[in-house]
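Enquirer: Before we start, here is the structure in question, set down as structure tokens.
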Amino acid sequence: MSFVSLSKREINLKIVYYGPPLCGKTTNLEQIHNAVPNDVKGQMTMLSTRQDRTLYFDFLPLRSDVIKGFVSRFQLYTVPGQTIYNHTRKIVLTGVDGIVFVADSQWEVMEQNAESFQNLQENLASFSRNLNQVPYLLQFNKRDLPNVAPVEYMDFLLNSQREERAAHLEAVAASGKGVLETLNIICKMVLARFIEENSMTATPGVGDDIAVATKGV
Amino acid sequence: MPGYALSEDQHQALKKILVQLSTDMKAPGLLLSDYGGNILVEVMPAGDDNVETLAALAAGSFVATRELAALIGEKEFRWIFHMGTKTSIYIQCIASHYLIFAVLGHRTTQGLAKLYVEKTSAQLERILLKAEKQSVASAAPRQVFKMEQGSDPFKRAR
């Protein structure tokens with residue numbers, strides 16, 4: 001849920017990276033932290049187990065001046081992918097403004113992708129929300145591996161049952177490919193929704209901008 | 001789900017309360033956030049770059065204690081205290097969805113912290129309950145938000 005401080009001229013927005021275990025959510029945040037300049041990022045925090053599995057969440061605060069006259073503060077979170085941590089996923093999803101669903105492209109984890117996507121929808125429903133109300137996109141990660149499912153199949157698996165199909169991007173988070181593009185698209189989607197909800201005037205061109213960015217990846 | 005907005009007047013009123021509270025509690029750092037980790041007002045030492053992370057972790061850990069509370073038949077815990085050797089942390093729930101997060105030195109006990117926060121909680125609640133029902137449109141009716149066309153929010157460092 002966005003929060004605006006008119007005194008500080010700040011817009012605060014929350015984006016959650018969701019997906020099955022070991023799909024690359026934490027890697028996305030690490031690559032973003034490595035890629036962006038120091039003056040737009042805060043400290044990255046990882047709450048992990050001794051095996052480097054996310055226990056609670058990872059957190060990375062970013063700021064941008066893409067909205068004129070305001071600082072847009074994006075709080076990026078990941079959720080723990082392991083099934084047993086569903087309470088934690090619900091806590092992290094509270095008040096979310098945008099979601100990146102990171103799917104692992106390997107054939108053998110397609111069932112986990114589908115389960116995690118179903119789990120996301122169930123957890124949103126527990127807050128009386130659904131994916132039609134929250135901007136989200138799909139990132140098909142690990143496209144460099146040899147045993148990956150075709151993009152069309154993954155799109156069919158995660159997207160075909162939905163009224164409004166979400167945009168999808170291909171990525172190799174371990175090398176940074178597609179990571180910044182994913183971030184920029186979800187941020188623009190979240191800002192477009194924010195503007196739509198909070199301004200009386202239309203913002204022509206925002207949707208076109210997002211469509212062009214999606215094709216480019 | 002539309003968000004909420006804090007007007008300039010509300011920000012100033014909250015800031016005034018927190019500055020006084022910080023002095024009374026002898027707290028080197030004090031911040032007011034919501035359960036999502038959004039910082040409404042902060043009274044922190046200059047140059048502290050970790051404020052956002054502190055708020056996110058405080059909100060996350062406090063909200064997690066609700067699950068603990070539920071497991072033992074409680075609705076929630078009103079406050080939590082983490083005791084360090086020189087510096088401690090006190091977190092208290094205000095108006096159901098907000099948190100006071102105080103960094104305490106050795107001169108302030110948890111009892112004293114609780115006493116001071118309780119004393120100001122009614123004042124804080126009045127402002128917060130009004131703000132949370134307030135959209136940007138009602139807090140600043142003429143405010144128009146425009147995205148810079150064609151530019152990405154984030155660019156790769158050179």
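Letters for chains follow the order of the structure tokens (A, B, ...), residue numbers begin at 1 for each chain, and ligand numbers begin at 1 in the order shown.
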Residues of chain B within 9 Å of chain A: nearest atom pair and distance (Å, one decimal) for each, counting only C-alpha atoms, sorted by chain and number, as CSV?
Expert:
residue,atom,partner,partner_atom,distance
B:Met1,CA,A:Met1,CA,6.5
B:Pro2,CA,A:Glu197,CA,6.4
B:Gly3,CA,A:Ser2,CA,4.4
B:Tyr4,CA,A:Phe3,CA,5.2
B:Ala5,CA,A:Val4,CA,4.6
B:Leu6,CA,A:Ser5,CA,5.0
B:Ser7,CA,A:Leu6,CA,5.5
B:Glu8,CA,A:Ser7,CA,4.5
B:Asp9,CA,A:Ser7,CA,8.1
B:Gln10,CA,A:Ser7,CA,8.8
B:His11,CA,A:Ser7,CA,6.5
B:Gln12,CA,A:Ser7,CA,8.1
B:Tyr35,CA,A:Thr94,CA,8.5
B:Gly36,CA,A:Gly95,CA,6.4
B:Gly37,CA,A:Gln75,CA,8.9
B:Asn38,CA,A:Asn12,CA,6.7
B:Ile39,CA,A:Asn12,CA,8.8
B:Leu40,CA,A:Ser5,CA,7.2
B:Asp49,CA,A:Gly42,CA,7.1
B:Asn50,CA,A:Gln43,CA,6.8
B:Glu52,CA,A:Pro61,CA,7.0
B:Thr53,CA,A:Gln43,CA,7.1
B:Ala56,CA,A:Phe59,CA,7.8
B:Leu57,CA,A:Phe59,CA,8.7
B:Gly60,CA,A:Ile91,CA,7.4
B:Val63,CA,A:Ile91,CA,7.1
B:Ala64,CA,A:Ile91,CA,7.3
B:Glu67,CA,A:His87,CA,7.9
B:Ser135,CA,A:Asn198,CA,7.6
B:Val136,CA,A:Asn198,CA,6.1
B:Ala137,CA,A:Asn198,CA,6.1
B:Ala139,CA,A:Leu6,CA,8.3
B:Ala140,CA,A:Leu6,CA,8.0
B:Pro141,CA,A:Ser199,CA,8.9
B:Arg142,CA,A:Ser199,CA,8.8
B:Gln143,CA,A:Ser199,CA,7.3
B:Val144,CA,A:Ser199,CA,5.5
B:Phe145,CA,A:Ile195,CA,6.0
B:Lys146,CA,A:Ile67,CA,5.6
B:Met147,CA,A:Ile67,CA,4.6
B:Glu148,CA,A:Val66,CA,5.5
B:Gln149,CA,A:Val206,CA,7.3
B:Gly150,CA,A:Asp209,CA,6.4
B:Ser151,CA,A:Val66,CA,7.4
B:Asp152,CA,A:Asn184,CA,5.9
B:Pro153,CA,A:Val66,CA,5.4
B:Phe154,CA,A:Asn184,CA,6.3
B:Lys155,CA,A:Val36,CA,6.2
B:Arg156,CA,A:Val36,CA,4.9
B:Ala157,CA,A:Pro37,CA,4.5
B:Arg158,CA,A:Pro37,CA,7.7
Enquirer: The selected residues should be written to file as a PDB file, in the first residue's frame (atoms: C-alpha atoms).
Expert:
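Saved file part-v6.pdb follows:
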ATOM      1  CA  MET B   1      -5.672  -0.728  -3.128  1.00  0.00           C
ATOM      2  CA  PRO B   2      -5.205   3.047  -2.764  1.00  0.00           C
ATOM      3  CA  GLY B   3      -2.624   4.110  -0.249  1.00  0.00           C
ATOM      4  CA  TYR B   4      -2.647   6.916   2.266  1.00  0.00           C
ATOM      5  CA  ALA B   5      -0.950  10.277   2.635  1.00  0.00           C
ATOM      6  CA  LEU B   6       0.472  12.390   5.410  1.00  0.00           C
ATOM      7  CA  SER B   7      -0.116  16.122   5.000  1.00  0.00           C
ATOM      8  CA  GLU B   8       2.538  18.705   5.829  1.00  0.00           C
ATOM      9  CA  ASP B   9       0.642  19.790   8.968  1.00  0.00           C
ATOM     10  CA  GLN B  10       0.315  16.214  10.176  1.00  0.00           C
ATOM     11  CA  HIS B  11       3.992  15.583   9.545  1.00  0.00           C
ATOM     12  CA  GLN B  12       4.970  18.640  11.549  1.00  0.00           C
ATOM     13  CA  TYR B  35       3.443  -2.118   9.666  1.00  0.00           C
ATOM     14  CA  GLY B  36       4.714  -2.114   6.076  1.00  0.00           C
ATOM     15  CA  GLY B  37       7.976  -0.460   7.186  1.00  0.00           C
ATOM     16  CA  ASN B  38       7.144   2.948   5.658  1.00  0.00           C
ATOM     17  CA  ILE B  39       8.743   5.693   7.749  1.00  0.00           C
ATOM     18  CA  LEU B  40       6.326   8.473   8.659  1.00  0.00           C
ATOM     19  CA  ASP B  49      21.863   5.726   6.232  1.00  0.00           C
ATOM     20  CA  ASN B  50      20.269   2.639   7.733  1.00  0.00           C
ATOM     21  CA  GLU B  52      14.941   2.378   5.981  1.00  0.00           C
ATOM     22  CA  THR B  53      16.505  -0.963   6.833  1.00  0.00           C
ATOM     23  CA  ALA B  56      11.777  -2.678   7.541  1.00  0.00           C
ATOM     24  CA  LEU B  57      13.381  -5.059  10.027  1.00  0.00           C
ATOM     25  CA  GLY B  60       8.958  -7.404   9.992  1.00  0.00           C
ATOM     26  CA  VAL B  63       4.495  -8.342  12.771  1.00  0.00           C
ATOM     27  CA  ALA B  64       6.064 -11.805  13.127  1.00  0.00           C
ATOM     28  CA  GLU B  67       1.996 -15.137  14.808  1.00  0.00           C
ATOM     29  CA  SER B 135      -5.870   9.778   0.168  1.00  0.00           C
ATOM     30  CA  VAL B 136      -3.348  11.949  -1.661  1.00  0.00           C
ATOM     31  CA  ALA B 137      -6.263  13.627  -3.448  1.00  0.00           C
ATOM     32  CA  ALA B 139      -4.500  15.726   1.477  1.00  0.00           C
ATOM     33  CA  ALA B 140      -3.358  17.725  -1.568  1.00  0.00           C
ATOM     34  CA  PRO B 141      -6.240  18.117  -4.036  1.00  0.00           C
ATOM     35  CA  ARG B 142      -4.212  19.948  -6.671  1.00  0.00           C
ATOM     36  CA  GLN B 143      -1.246  17.598  -6.676  1.00  0.00           C
ATOM     37  CA  VAL B 144      -0.603  16.019 -10.091  1.00  0.00           C
ATOM     38  CA  PHE B 145       1.927  13.218 -10.473  1.00  0.00           C
ATOM     39  CA  LYS B 146       3.759  12.863 -13.764  1.00  0.00           C
ATOM     40  CA  MET B 147       6.265  10.253 -14.804  1.00  0.00           C
ATOM     41  CA  GLU B 148       9.282  11.370 -16.808  1.00  0.00           C
ATOM     42  CA  GLN B 149       8.471  10.016 -20.267  1.00  0.00           C
ATOM     43  CA  GLY B 150      10.811   7.482 -21.788  1.00  0.00           C
ATOM     44  CA  SER B 151      13.258   7.336 -18.903  1.00  0.00           C
ATOM     45  CA  ASP B 152      13.824   4.228 -16.809  1.00  0.00           C
ATOM     46  CA  PRO B 153      13.633   4.634 -13.029  1.00  0.00           C
ATOM     47  CA  PHE B 154      17.013   2.902 -12.656  1.00  0.00           C
ATOM     48  CA  LYS B 155      20.118   2.930 -14.824  1.00  0.00           C
ATOM     49  CA  ARG B 156      23.227   0.829 -14.638  1.00  0.00           C
ATOM     50  CA  ALA B 157      26.152   2.425 -12.776  1.00  0.00           C
ATOM     51  CA  ARG B 158      28.939   3.513 -15.083  1.00  0.00           C
TER      52      ARG B 158
END
Enquirer: Would you list the contacts of Leu14 of chain B as a list in words, taking every protein, DNA or RNA residue within 9 Å and counting only C-alpha atoms, but skipping same-chain residues closer than 4 positions in sequence?
Expert: Asp9, Gln10, Leu18, Val19, Leu32, Leu40, Val41, Gln123, Leu124, Ile127 and Leu128 of chain B
Enquirer: Can I get the selected residues back with all heavy atoms, as a PDB file, in the first residue's frame?
Expert:
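File written: selection-v3.pdb
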ATOM      1  N   ASP B   9       1.017  19.455   7.587  1.00  0.00           N
ATOM      2  CA  ASP B   9       0.642  19.790   8.968  1.00  0.00           C
ATOM      3  C   ASP B   9       0.751  18.568   9.880  1.00  0.00           C
ATOM      4  O   ASP B   9       1.242  18.654  11.015  1.00  0.00           O
ATOM      5  CB  ASP B   9      -0.796  20.325   9.024  1.00  0.00           C
ATOM      6  CG  ASP B   9      -0.890  21.699   8.391  1.00  0.00           C
ATOM      7  OD1 ASP B   9       0.168  22.312   8.151  1.00  0.00           O
ATOM      8  OD2 ASP B   9      -2.024  22.151   8.132  1.00  0.00           O
ATOM      9  N   GLN B  10       0.261  17.438   9.367  1.00  0.00           N
ATOM     10  CA  GLN B  10       0.315  16.214  10.176  1.00  0.00           C
ATOM     11  C   GLN B  10       1.758  15.789  10.419  1.00  0.00           C
ATOM     12  O   GLN B  10       2.110  15.356  11.515  1.00  0.00           O
ATOM     13  CB  GLN B  10      -0.456  15.093   9.459  1.00  0.00           C
ATOM     14  CG  GLN B  10      -1.957  15.285   9.506  1.00  0.00           C
ATOM     15  CD  GLN B  10      -2.682  14.437   8.495  1.00  0.00           C
ATOM     16  OE1 GLN B  10      -2.095  13.958   7.521  1.00  0.00           O
ATOM     17  NE2 GLN B  10      -3.975  14.249   8.714  1.00  0.00           N
ATOM     18  N   LEU B  18       7.464  13.569  18.405  1.00  0.00           N
ATOM     19  CA  LEU B  18       8.603  12.645  18.456  1.00  0.00           C
ATOM     20  C   LEU B  18       9.878  13.309  18.974  1.00  0.00           C
ATOM     21  O   LEU B  18      10.655  12.668  19.689  1.00  0.00           O
ATOM     22  CB  LEU B  18       8.849  12.018  17.084  1.00  0.00           C
ATOM     23  CG  LEU B  18       8.385  10.568  16.991  1.00  0.00           C
ATOM     24  CD1 LEU B  18       6.877  10.476  17.049  1.00  0.00           C
ATOM     25  CD2 LEU B  18       8.910   9.869  15.762  1.00  0.00           C
ATOM     26  N   VAL B  19      10.082  14.567  18.623  1.00  0.00           N
ATOM     27  CA  VAL B  19      11.269  15.269  19.126  1.00  0.00           C
ATOM     28  C   VAL B  19      11.206  15.364  20.646  1.00  0.00           C
ATOM     29  O   VAL B  19      12.188  15.097  21.353  1.00  0.00           O
ATOM     30  CB  VAL B  19      11.393  16.677  18.474  1.00  0.00           C
ATOM     31  CG1 VAL B  19      12.430  17.522  19.197  1.00  0.00           C
ATOM     32  CG2 VAL B  19      11.762  16.546  17.002  1.00  0.00           C
ATOM     33  N   LEU B  32       8.836   6.590  13.710  1.00  0.00           N
ATOM     34  CA  LEU B  32       7.449   6.153  13.646  1.00  0.00           C
ATOM     35  C   LEU B  32       7.227   5.588  12.249  1.00  0.00           C
ATOM     36  O   LEU B  32       7.450   6.284  11.251  1.00  0.00           O
ATOM     37  CB  LEU B  32       6.524   7.357  13.883  1.00  0.00           C
ATOM     38  CG  LEU B  32       5.025   7.124  13.751  1.00  0.00           C
ATOM     39  CD1 LEU B  32       4.506   6.198  14.853  1.00  0.00           C
ATOM     40  CD2 LEU B  32       4.269   8.456  13.828  1.00  0.00           C
ATOM     41  N   LEU B  40       7.143   7.257   8.671  1.00  0.00           N
ATOM     42  CA  LEU B  40       6.326   8.473   8.659  1.00  0.00           C
ATOM     43  C   LEU B  40       7.154   9.649   9.159  1.00  0.00           C
ATOM     44  O   LEU B  40       7.150  10.706   8.555  1.00  0.00           O
ATOM     45  CB  LEU B  40       5.072   8.296   9.513  1.00  0.00           C
ATOM     46  CG  LEU B  40       3.924   7.510   8.854  1.00  0.00           C
ATOM     47  CD1 LEU B  40       4.224   6.032   8.808  1.00  0.00           C
ATOM     48  CD2 LEU B  40       2.620   7.748   9.584  1.00  0.00           C
ATOM     49  N   VAL B  41       7.802   9.462  10.295  1.00  0.00           N
ATOM     50  CA  VAL B  41       8.637  10.514  10.887  1.00  0.00           C
ATOM     51  C   VAL B  41       9.833   9.858  11.567  1.00  0.00           C
ATOM     52  O   VAL B  41       9.708   8.783  12.140  1.00  0.00           O
ATOM     53  CB  VAL B  41       7.855  11.320  11.959  1.00  0.00           C
ATOM     54  CG1 VAL B  41       8.696  12.461  12.482  1.00  0.00           C
ATOM     55  CG2 VAL B  41       6.555  11.862  11.413  1.00  0.00           C
ATOM     56  N   GLN B 123      -2.145  11.126  21.615  1.00  0.00           N
ATOM     57  CA  GLN B 123      -1.898  12.233  20.678  1.00  0.00           C
ATOM     58  C   GLN B 123      -1.531  11.692  19.295  1.00  0.00           C
ATOM     59  O   GLN B 123      -2.020  12.153  18.266  1.00  0.00           O
ATOM     60  CB  GLN B 123      -0.697  13.051  21.165  1.00  0.00           C
ATOM     61  CG  GLN B 123      -1.006  14.158  22.144  1.00  0.00           C
ATOM     62  CD  GLN B 123       0.306  14.815  22.545  1.00  0.00           C
ATOM     63  OE1 GLN B 123       1.100  14.198  23.251  1.00  0.00           O
ATOM     64  NE2 GLN B 123       0.533  16.028  22.101  1.00  0.00           N
ATOM     65  N   LEU B 124      -0.625  10.718  19.286  1.00  0.00           N
ATOM     66  CA  LEU B 124      -0.187  10.123  18.013  1.00  0.00           C
ATOM     67  C   LEU B 124      -1.363   9.459  17.303  1.00  0.00           C
ATOM     68  O   LEU B 124      -1.544   9.605  16.092  1.00  0.00           O
ATOM     69  CB  LEU B 124       0.919   9.089  18.262  1.00  0.00           C
ATOM     70  CG  LEU B 124       2.264   9.622  18.768  1.00  0.00           C
ATOM     71  CD1 LEU B 124       3.161   8.485  19.223  1.00  0.00           C
ATOM     72  CD2 LEU B 124       2.970  10.426  17.678  1.00  0.00           C
ATOM     73  N   ILE B 127      -3.754  11.708  15.266  1.00  0.00           N
ATOM     74  CA  ILE B 127      -3.229  12.143  13.963  1.00  0.00           C
ATOM     75  C   ILE B 127      -3.191  10.980  12.977  1.00  0.00           C
ATOM     76  O   ILE B 127      -3.585  11.106  11.817  1.00  0.00           O
ATOM     77  CB  ILE B 127      -1.819  12.751  14.128  1.00  0.00           C
ATOM     78  CG1 ILE B 127      -1.873  13.931  15.106  1.00  0.00           C
ATOM     79  CG2 ILE B 127      -1.240  13.177  12.792  1.00  0.00           C
ATOM     80  CD1 ILE B 127      -0.516  14.405  15.589  1.00  0.00           C
ATOM     81  N   LEU B 128      -2.734   9.824  13.463  1.00  0.00           N
ATOM     82  CA  LEU B 128      -2.561   8.673  12.569  1.00  0.00           C
ATOM     83  C   LEU B 128      -3.896   8.151  12.037  1.00  0.00           C
ATOM     84  O   LEU B 128      -4.005   7.799  10.861  1.00  0.00           O
ATOM     85  CB  LEU B 128      -1.813   7.548  13.300  1.00  0.00           C
ATOM     86  CG  LEU B 128      -0.360   7.863  13.654  1.00  0.00           C
ATOM     87  CD1 LEU B 128       0.227   6.813  14.594  1.00  0.00           C
ATOM     88  CD2 LEU B 128       0.478   7.964  12.382  1.00  0.00           C
TER      89      LEU B 128
END
Enquirer: Extract the full set of strand (DSSP E) residues from chain A according to DSSP on the backbone, and format it as a PyMOL selection string.
Expert: chain A and resi 3-5+10-18+45-48+54-64+71-78+98-104+136-141+168-170
Enquirer: Atom CA of Ser48 of chain A to atom CA of Thr78 of chain A: how many Å, to one decimal?
Expert: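 Computing it gives 11.3 Å between the two atoms.
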Enquirer: Can you work out the spacing between atom CA of Glu118 of chain B and atom CA of Lys75 of chain B in Å, to one decimal?
Expert: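 Straight-line distance from atom CA of Glu118 of chain B to atom CA of Lys75 of chain B works out to 19.1 Å.
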Enquirer: Can you list, as an MDAnalysis selection string, every residue of segment 90-167 of chain A that DSSP puts in alpha helix (DSSP H)?
Expert: chainID A and resid 90:93 110:125 151:159
Enquirer: Report as an MDAnalysis selection string all protein, DNA and RNA residues lying within 12 Å of Ile84 of chain A, evaluated on only C-alpha atoms, omitting residues in the same chain fewer than 3 positions from it.
Expert: chainID A and resid 20:21 54:56 79:81 87:90 119
